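Asks: Starting off with a structure, shown below.
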Amino acid sequence: MANYILTKSSFVRGVQCQKSLYLYKNYYKQRDAVSYSQQAVFNRGTNVGVLARTLFLGGIDVTPESIFKYEESAKRTQQLIAEGKEIIYEAAFIFDDTLVAVDILVKENGAWSAYEVKSSLSISETYLMDAALQYYVINGSGLMLDDFFIIHVNRDYIRHGAIDLKQLFTRVSVKKLAEKKHQYIQAQILHSKDTLKKPEIPQNITIGEHCFAPYACDFMGTCWKHIPANSVFDMGGMRKAMMFDLYRQGYVKMEEIPDETDLPDVFRIQIEAIKKNEVIINRKAVADFLKTLHYPLYFLDFESFMPAVPIYEGSHPYHHIPFQYSLHYKAAKDGELRHIEYLAEAGSDPRKIFAERLLKDTRLPGDIIVYNKDFEKKIMKDLAHDFPEFRDALRDRIARIKDLAVPFAKKDYYSPLMRGSNSLKAILPALVPDLKYEELIIKDGNTASIVFESLQTESDLFKIIETRDQLLAYCKMDTLAMVRIIEVLESVKNDGNK
Ligand code: SF4
């Protein structure tokens, strides 16, 4: 039995929700599965943490072999301090039944400082809380800290040549803020220990906005299982506060909301579609949207990745690096459908060749249809900034963009199958059921980014070929989906008004 009850992560969990803390400690296996993209975020944090250690070279790493051996790390930390060691990575401490491990512990000019590394661009309230807990435990365990710093990634850093670690990372003292939270931390630890002594799951905690902030809770599969499909929480475009307001008034399913409730049209349409169990189409609005499109039409979709640590010359942390596009082209409504695609080779900066190929492939006149224009526009604007020689041509392409998401965001075409969402993945099953993302290996843009980033260090040729095929199939699906959706919209536009 470990001689601590809480850890940094369980403490933070308890601040969000005491029920989540209780379930985590007693019903760990009921946690929802961690998604591929969530795991990638965790891995990114670990990688940045390891890189930040090079700011303090020569330390001793006491990371345990498994999470169950942190007590040994705490003993080893004490031993190393007693031996006069001055830099310790993952230094562990126990106090007030709470265990913490700080990324880097350093003795500078005879005084100890702790450094916690975050892969983010700024310091959130949760990071301050977690630093305050570490400060409380380390001082309480007997090592008086002279200062406590959070190191995070500097958003203004631009890479020129080799990575400059001193410029890449920003160091912020949070000691004063941590001291101010001393009493809160003490009270919260007591509260959490009381909760964990209880024989049963806390019954007085129900679902609420706290389930989503600061993190999406991983026990939603347990606590939310009584919420049916097409509930008030599926209302697309509605703020969480309003959803919970309806829920607390006793409305769980959308169809239970009384007709006289004062709601904007985008919500009324969703309720009407559920009540009638049918597709609601504003044919005039659909026709008006289609009138804004002029053949020839390009259907375009980009994929990008965002390395926390810039890997290319002139790029900054979390720079959107476009690496792939798919382009379908139709010269006329009944014309032949052509497909063009580009996927960068991993290992070198793809941006310039991406821009060159894109401009060449879209050189003929015609509207460029995308789904949610902000992303494609941002990529093109960034390319215009980074490569002034393409600026005018990229501005021309930006001016030709038309956004296919607009009629779906306005609910001019809405099916109950969309469950409130107007994402491409959500609307496709309702409009083109024979096209299925589920049949692909890569099913979403986040996974595509992570997979491409992983190719930077992949040496297995078969794995590279297989992954590239999967990326091409995914991106092609996005633009083919847009082609087919336009066909569906064209087929309904002249059937009379709603
Ligand atoms: S789903 Fe919500 S109520 Fe349930 S444990 Fe998580 S935060 Fe608490």
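Following the order of the structure tokens, first chain is A, next is B, and so on, with residues numbered from 1 inside each chain and ligands from 1 in the order they appear.
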From region 332-408 of chain A, collect each residue whose DSSP state is helix (DSSP H, G or I) and return the set as a count of residues only.

Replies: 40

Asks: With ligand 1 as the partner and 6 Å as the cut-off, tabulate the residues of chain A that qualify, each row holding the nearest pair of atoms and their distance in Å to one decimal, using only C-alpha atoms and all ligand atoms, sorted by chain and rising number, as a tab-separated table.

Replies:
residue	atom	partner	partner_atom_place_in_ligand_line	distance
A:Cys17	CA	ligand 1	8 (Fe)	4.8
A:Lys19	CA	ligand 1	5 (S)	4.7
A:Ser20	CA	ligand 1	5 (S)	3.5
A:Ile205	CA	ligand 1	3 (S)	5.9
A:Thr206	CA	ligand 1	3 (S)	5.0
A:Ile207	CA	ligand 1	3 (S)	4.2
A:His210	CA	ligand 1	7 (S)	5.6
A:Cys211	CA	ligand 1	7 (S)	3.6
A:Cys217	CA	ligand 1	6 (Fe)	4.6
A:Phe219	CA	ligand 1	1 (S)	4.7
A:Met220	CA	ligand 1	1 (S)	4.0
A:Cys223	CA	ligand 1	4 (Fe)	4.6

Asks: What does the file look like for those residues with N, CA and C atoms, as a PDB file, in the first residue's frame?

Replies:
ATOM      1  N   CYS A  17     -13.756  17.657 -10.440  1.00  0.00           N
ATOM      2  CA  CYS A  17     -14.961  16.940 -10.005  1.00  0.00           C
ATOM      3  C   CYS A  17     -14.568  15.852  -9.003  1.00  0.00           C
ATOM      4  N   LYS A  19     -16.356  13.472  -7.939  1.00  0.00           N
ATOM      5  CA  LYS A  19     -16.852  12.164  -8.386  1.00  0.00           C
ATOM      6  C   LYS A  19     -15.846  11.524  -9.355  1.00  0.00           C
ATOM      7  N   SER A  20     -15.268  12.361 -10.209  1.00  0.00           N
ATOM      8  CA  SER A  20     -14.274  11.859 -11.149  1.00  0.00           C
ATOM      9  C   SER A  20     -13.076  11.297 -10.382  1.00  0.00           C
ATOM     10  N   ILE A 205     -23.308  14.556  -6.904  1.00  0.00           N
ATOM     11  CA  ILE A 205     -22.677  15.250  -8.044  1.00  0.00           C
ATOM     12  C   ILE A 205     -23.313  14.735  -9.337  1.00  0.00           C
ATOM     13  N   THR A 206     -23.931  15.649 -10.065  1.00  0.00           N
ATOM     14  CA  THR A 206     -24.556  15.241 -11.325  1.00  0.00           C
ATOM     15  C   THR A 206     -23.788  15.874 -12.486  1.00  0.00           C
ATOM     16  N   ILE A 207     -24.203  15.518 -13.690  1.00  0.00           N
ATOM     17  CA  ILE A 207     -23.510  16.059 -14.865  1.00  0.00           C
ATOM     18  C   ILE A 207     -23.701  17.577 -14.936  1.00  0.00           C
ATOM     19  N   HIS A 210     -19.015  21.330 -15.656  1.00  0.00           N
ATOM     20  CA  HIS A 210     -17.700  20.904 -15.156  1.00  0.00           C
ATOM     21  C   HIS A 210     -17.224  19.614 -15.858  1.00  0.00           C
ATOM     22  N   CYS A 211     -18.116  18.885 -16.520  1.00  0.00           N
ATOM     23  CA  CYS A 211     -17.707  17.659 -17.225  1.00  0.00           C
ATOM     24  C   CYS A 211     -16.784  17.979 -18.415  1.00  0.00           C
ATOM     25  N   CYS A 217     -14.035  15.144 -19.338  1.00  0.00           N
ATOM     26  CA  CYS A 217     -13.857  14.067 -18.354  1.00  0.00           C
ATOM     27  C   CYS A 217     -13.865  12.706 -19.049  1.00  0.00           C
ATOM     28  N   PHE A 219     -14.893   9.982 -17.703  1.00  0.00           N
ATOM     29  CA  PHE A 219     -15.931   9.100 -17.170  1.00  0.00           C
ATOM     30  C   PHE A 219     -17.302   9.463 -17.743  1.00  0.00           C
ATOM     31  N   MET A 220     -17.321  10.135 -18.879  1.00  0.00           N
ATOM     32  CA  MET A 220     -18.613  10.499 -19.465  1.00  0.00           C
ATOM     33  C   MET A 220     -19.380   9.251 -19.891  1.00  0.00           C
ATOM     34  N   CYS A 223     -21.162   8.459 -16.473  1.00  0.00           N
ATOM     35  CA  CYS A 223     -22.134   9.422 -15.916  1.00  0.00           C
ATOM     36  C   CYS A 223     -23.197   9.866 -16.918  1.00  0.00           C
TER      37      CYS A 223
END

Asks: Set the distance at 12 Å and use only C-alpha atoms: which residues neighbour Ala426 (chain A) once local chain neighbours fewer than 4 positions away are removed? I'd like the list as a list in words.

Replies: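 Listed by chain and then number, they are Gly236, Ala405, Phe408, Ala409, Tyr414, Ser415, Pro416, Leu417, Met418, Arg419, Gly420, Ser421, Asn422, Ala430, Leu431, Val432, Pro433, Leu435, Lys436, Tyr437, Glu438, Asp444 and Ala481 of chain A.
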
Asks: Using only C-alpha atoms, which residues sit within 8 Å of region 97-108 of chain A once same-chain residues fewer than 6 positions away are excluded, as a list in words?

Replies: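 My reading of the contact set: Asn3, Tyr4, Ile5, Leu6, Thr7, Lys8, Gly49, Arg53, Phe56, Glu86, Ile87, Ile88, Tyr89, Glu90, Ala91, Ala114, Tyr115, Glu116, Val117, Gln134, Val137 and Ile138 of chain A.
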
Asks: Point out the residue among A:Met254, A:Lys118, A:Thr467, A:Lys85 with the least atom-to-atom distance to Gly59 (chain A), counting only C-alpha atoms.

Replies: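 Under the stated criterion, the closest residue is A:Lys85.
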
Asks: Near region 194-197 of chain A, within 10 Å and counting only C-alpha atoms, which residues show up once chain neighbours fewer than 4 positions away are dropped, as a PyMOL selection string?

Replies: chain A and resi 5-6+14+18-19+21-23+25-26+188-190+201-202

Asks: Save out the residues we just selected, all heavy atoms, as a compact mmCIF listing (two decimals), in the first residue's frame.

Replies:
# COMPACT_ATOMS: atom_id res chain seq x y z
N ILE A 5 -1.96 9.21 -0.97
CA ILE A 5 -3.33 8.98 -1.45
C ILE A 5 -3.55 9.69 -2.78
O ILE A 5 -4.19 9.16 -3.68
CB ILE A 5 -4.34 9.47 -0.39
CG1 ILE A 5 -4.19 8.62 0.88
CG2 ILE A 5 -5.77 9.38 -0.91
CD1 ILE A 5 -4.93 9.16 2.08
N LEU A 6 -2.97 10.89 -2.87
CA LEU A 6 -3.19 11.70 -4.08
C LEU A 6 -1.90 11.86 -4.86
O LEU A 6 -0.81 11.80 -4.30
CB LEU A 6 -3.69 13.09 -3.68
CG LEU A 6 -5.06 13.16 -3.01
CD1 LEU A 6 -5.26 14.52 -2.36
CD2 LEU A 6 -6.16 12.91 -4.04
N GLY A 14 -9.62 16.00 -8.98
CA GLY A 14 -10.53 16.29 -7.87
C GLY A 14 -10.99 17.74 -7.86
O GLY A 14 -12.11 18.05 -7.47
N GLN A 18 -15.15 15.92 -7.83
CA GLN A 18 -14.81 14.93 -6.79
C GLN A 18 -15.30 13.52 -7.18
O GLN A 18 -14.71 12.52 -6.81
CB GLN A 18 -15.42 15.35 -5.45
CG GLN A 18 -14.74 16.57 -4.85
CD GLN A 18 -13.39 16.24 -4.19
OE1 GLN A 18 -13.34 15.46 -3.26
NE2 GLN A 18 -12.32 16.83 -4.68
N LYS A 19 -16.36 13.47 -7.94
CA LYS A 19 -16.85 12.16 -8.39
C LYS A 19 -15.85 11.52 -9.35
O LYS A 19 -15.59 10.31 -9.30
CB LYS A 19 -18.21 12.34 -9.07
CG LYS A 19 -18.88 11.03 -9.46
CD LYS A 19 -20.26 11.33 -10.01
CE LYS A 19 -20.98 10.10 -10.45
NZ LYS A 19 -22.30 10.43 -11.01
N LEU A 21 -12.67 12.00 -9.32
CA LEU A 21 -11.56 11.52 -8.49
C LEU A 21 -11.92 10.16 -7.87
O LEU A 21 -11.11 9.23 -7.91
CB LEU A 21 -11.28 12.55 -7.38
CG LEU A 21 -10.32 12.10 -6.28
CD1 LEU A 21 -8.92 11.91 -6.84
CD2 LEU A 21 -10.30 13.12 -5.14
N TYR A 22 -13.13 10.05 -7.34
CA TYR A 22 -13.55 8.81 -6.69
C TYR A 22 -13.58 7.65 -7.71
O TYR A 22 -13.08 6.55 -7.44
CB TYR A 22 -14.94 8.99 -6.06
CG TYR A 22 -15.32 7.86 -5.13
CD1 TYR A 22 -15.06 7.94 -3.78
CD2 TYR A 22 -15.91 6.70 -5.63
CE1 TYR A 22 -15.38 6.90 -2.92
CE2 TYR A 22 -16.23 5.64 -4.79
CZ TYR A 22 -15.96 5.75 -3.43
OH TYR A 22 -16.27 4.70 -2.60
N LEU A 23 -14.16 7.93 -8.88
CA LEU A 23 -14.23 6.88 -9.91
C LEU A 23 -12.82 6.48 -10.36
O LEU A 23 -12.54 5.29 -10.57
CB LEU A 23 -15.05 7.38 -11.11
CG LEU A 23 -16.55 7.57 -10.87
CD1 LEU A 23 -17.19 8.30 -12.05
CD2 LEU A 23 -17.24 6.23 -10.65
N LYS A 25 -10.08 6.50 -8.70
CA LYS A 25 -9.38 5.70 -7.68
C LYS A 25 -10.02 4.33 -7.48
O LYS A 25 -9.34 3.36 -7.16
CB LYS A 25 -9.42 6.45 -6.33
CG LYS A 25 -8.43 7.59 -6.27
CD LYS A 25 -7.04 7.03 -6.08
CE LYS A 25 -6.02 8.11 -5.80
NZ LYS A 25 -4.71 7.55 -5.54
N ASN A 26 -11.33 4.25 -7.67
CA ASN A 26 -12.03 2.99 -7.34
C ASN A 26 -12.59 2.23 -8.54
O ASN A 26 -12.88 1.04 -8.42
CB ASN A 26 -13.19 3.29 -6.36
CG ASN A 26 -12.66 3.85 -5.05
OD1 ASN A 26 -12.03 3.15 -4.27
ND2 ASN A 26 -12.89 5.13 -4.82
N GLN A 188 -8.24 21.69 -0.25
CA GLN A 188 -8.66 20.81 -1.34
C GLN A 188 -8.13 19.38 -1.14
O GLN A 188 -8.80 18.40 -1.44
CB GLN A 188 -8.18 21.40 -2.68
CG GLN A 188 -8.73 20.73 -3.92
CD GLN A 188 -10.23 20.88 -4.10
OE1 GLN A 188 -10.82 21.86 -3.66
NE2 GLN A 188 -10.85 19.88 -4.71
N ILE A 189 -6.91 19.28 -0.60
CA ILE A 189 -6.35 17.94 -0.32
C ILE A 189 -7.22 17.26 0.74
O ILE A 189 -7.59 16.08 0.60
CB ILE A 189 -4.87 18.05 0.15
CG1 ILE A 189 -3.97 18.46 -1.01
CG2 ILE A 189 -4.39 16.73 0.76
CD1 ILE A 189 -2.50 18.68 -0.64
N LEU A 190 -7.59 18.02 1.77
CA LEU A 190 -8.43 17.47 2.85
C LEU A 190 -9.77 17.00 2.28
O LEU A 190 -10.25 15.90 2.57
CB LEU A 190 -8.64 18.57 3.90
CG LEU A 190 -9.20 18.13 5.24
CD1 LEU A 190 -8.25 17.14 5.92
CD2 LEU A 190 -9.39 19.36 6.15
N ILE A 201 -19.78 5.94 -4.22
CA ILE A 201 -19.59 7.03 -5.19
C ILE A 201 -20.43 8.24 -4.74
O ILE A 201 -21.60 8.06 -4.39
CB ILE A 201 -20.09 6.57 -6.59
CG1 ILE A 201 -19.29 5.37 -7.07
CG2 ILE A 201 -20.00 7.71 -7.60
CD1 ILE A 201 -19.84 4.71 -8.31
N PRO A 202 -19.85 9.48 -4.73
CA PRO A 202 -20.64 10.65 -4.34
C PRO A 202 -21.92 10.76 -5.17
O PRO A 202 -21.87 10.80 -6.40
CB PRO A 202 -19.71 11.83 -4.64
CG PRO A 202 -18.33 11.25 -4.68
CD PRO A 202 -18.47 9.83 -5.10

Asks: Name the residues of region 146-281 of chain A that come out as strand (DSSP E) in a backbone DSSP run; write them as a list in words.

Replies: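 The strand (DSSP E) residues within region 146-281 of chain A come out as Asp146, Asp147, Phe148, Phe149, Ile150, Ile151, His152, Val153, Phe169, Thr170, Arg171, Val172, Ser173, Ile280 and Ile281 of chain A.
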
Asks: Find, counting only C-alpha atoms, the residue in A:Leu337, A:Val451, A:Ile227, A:Leu57 that gets nearest to Lys463 (chain A).

Replies: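 Of A:Leu337, A:Val451, A:Ile227, A:Leu57, the one nearest Lys463 (chain A), counting only C-alpha atoms, is A:Val451.
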
Asks: A:Asp382, A:Glu389, A:Asp96, A:Glu71: which is nearest His319 (chain A), counting only C-alpha atoms?

Replies: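 The answer is A:Asp382, which sits nearest to His319 (chain A).
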
Asks: Near Arg268 (chain A), counting only C-alpha atoms, which residues have an atom at most 10 Å away, once you skip same-chain residues fewer than 4 positions from it, shown as a list in words?

Replies: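 Once the nearby chain positions are removed, what remains is Met235, Met254, Ile257, Asp259, Thr261, Asp262, Leu263, Pro264, Glu272, Ala273, Ile274 and Lys411 of chain A.
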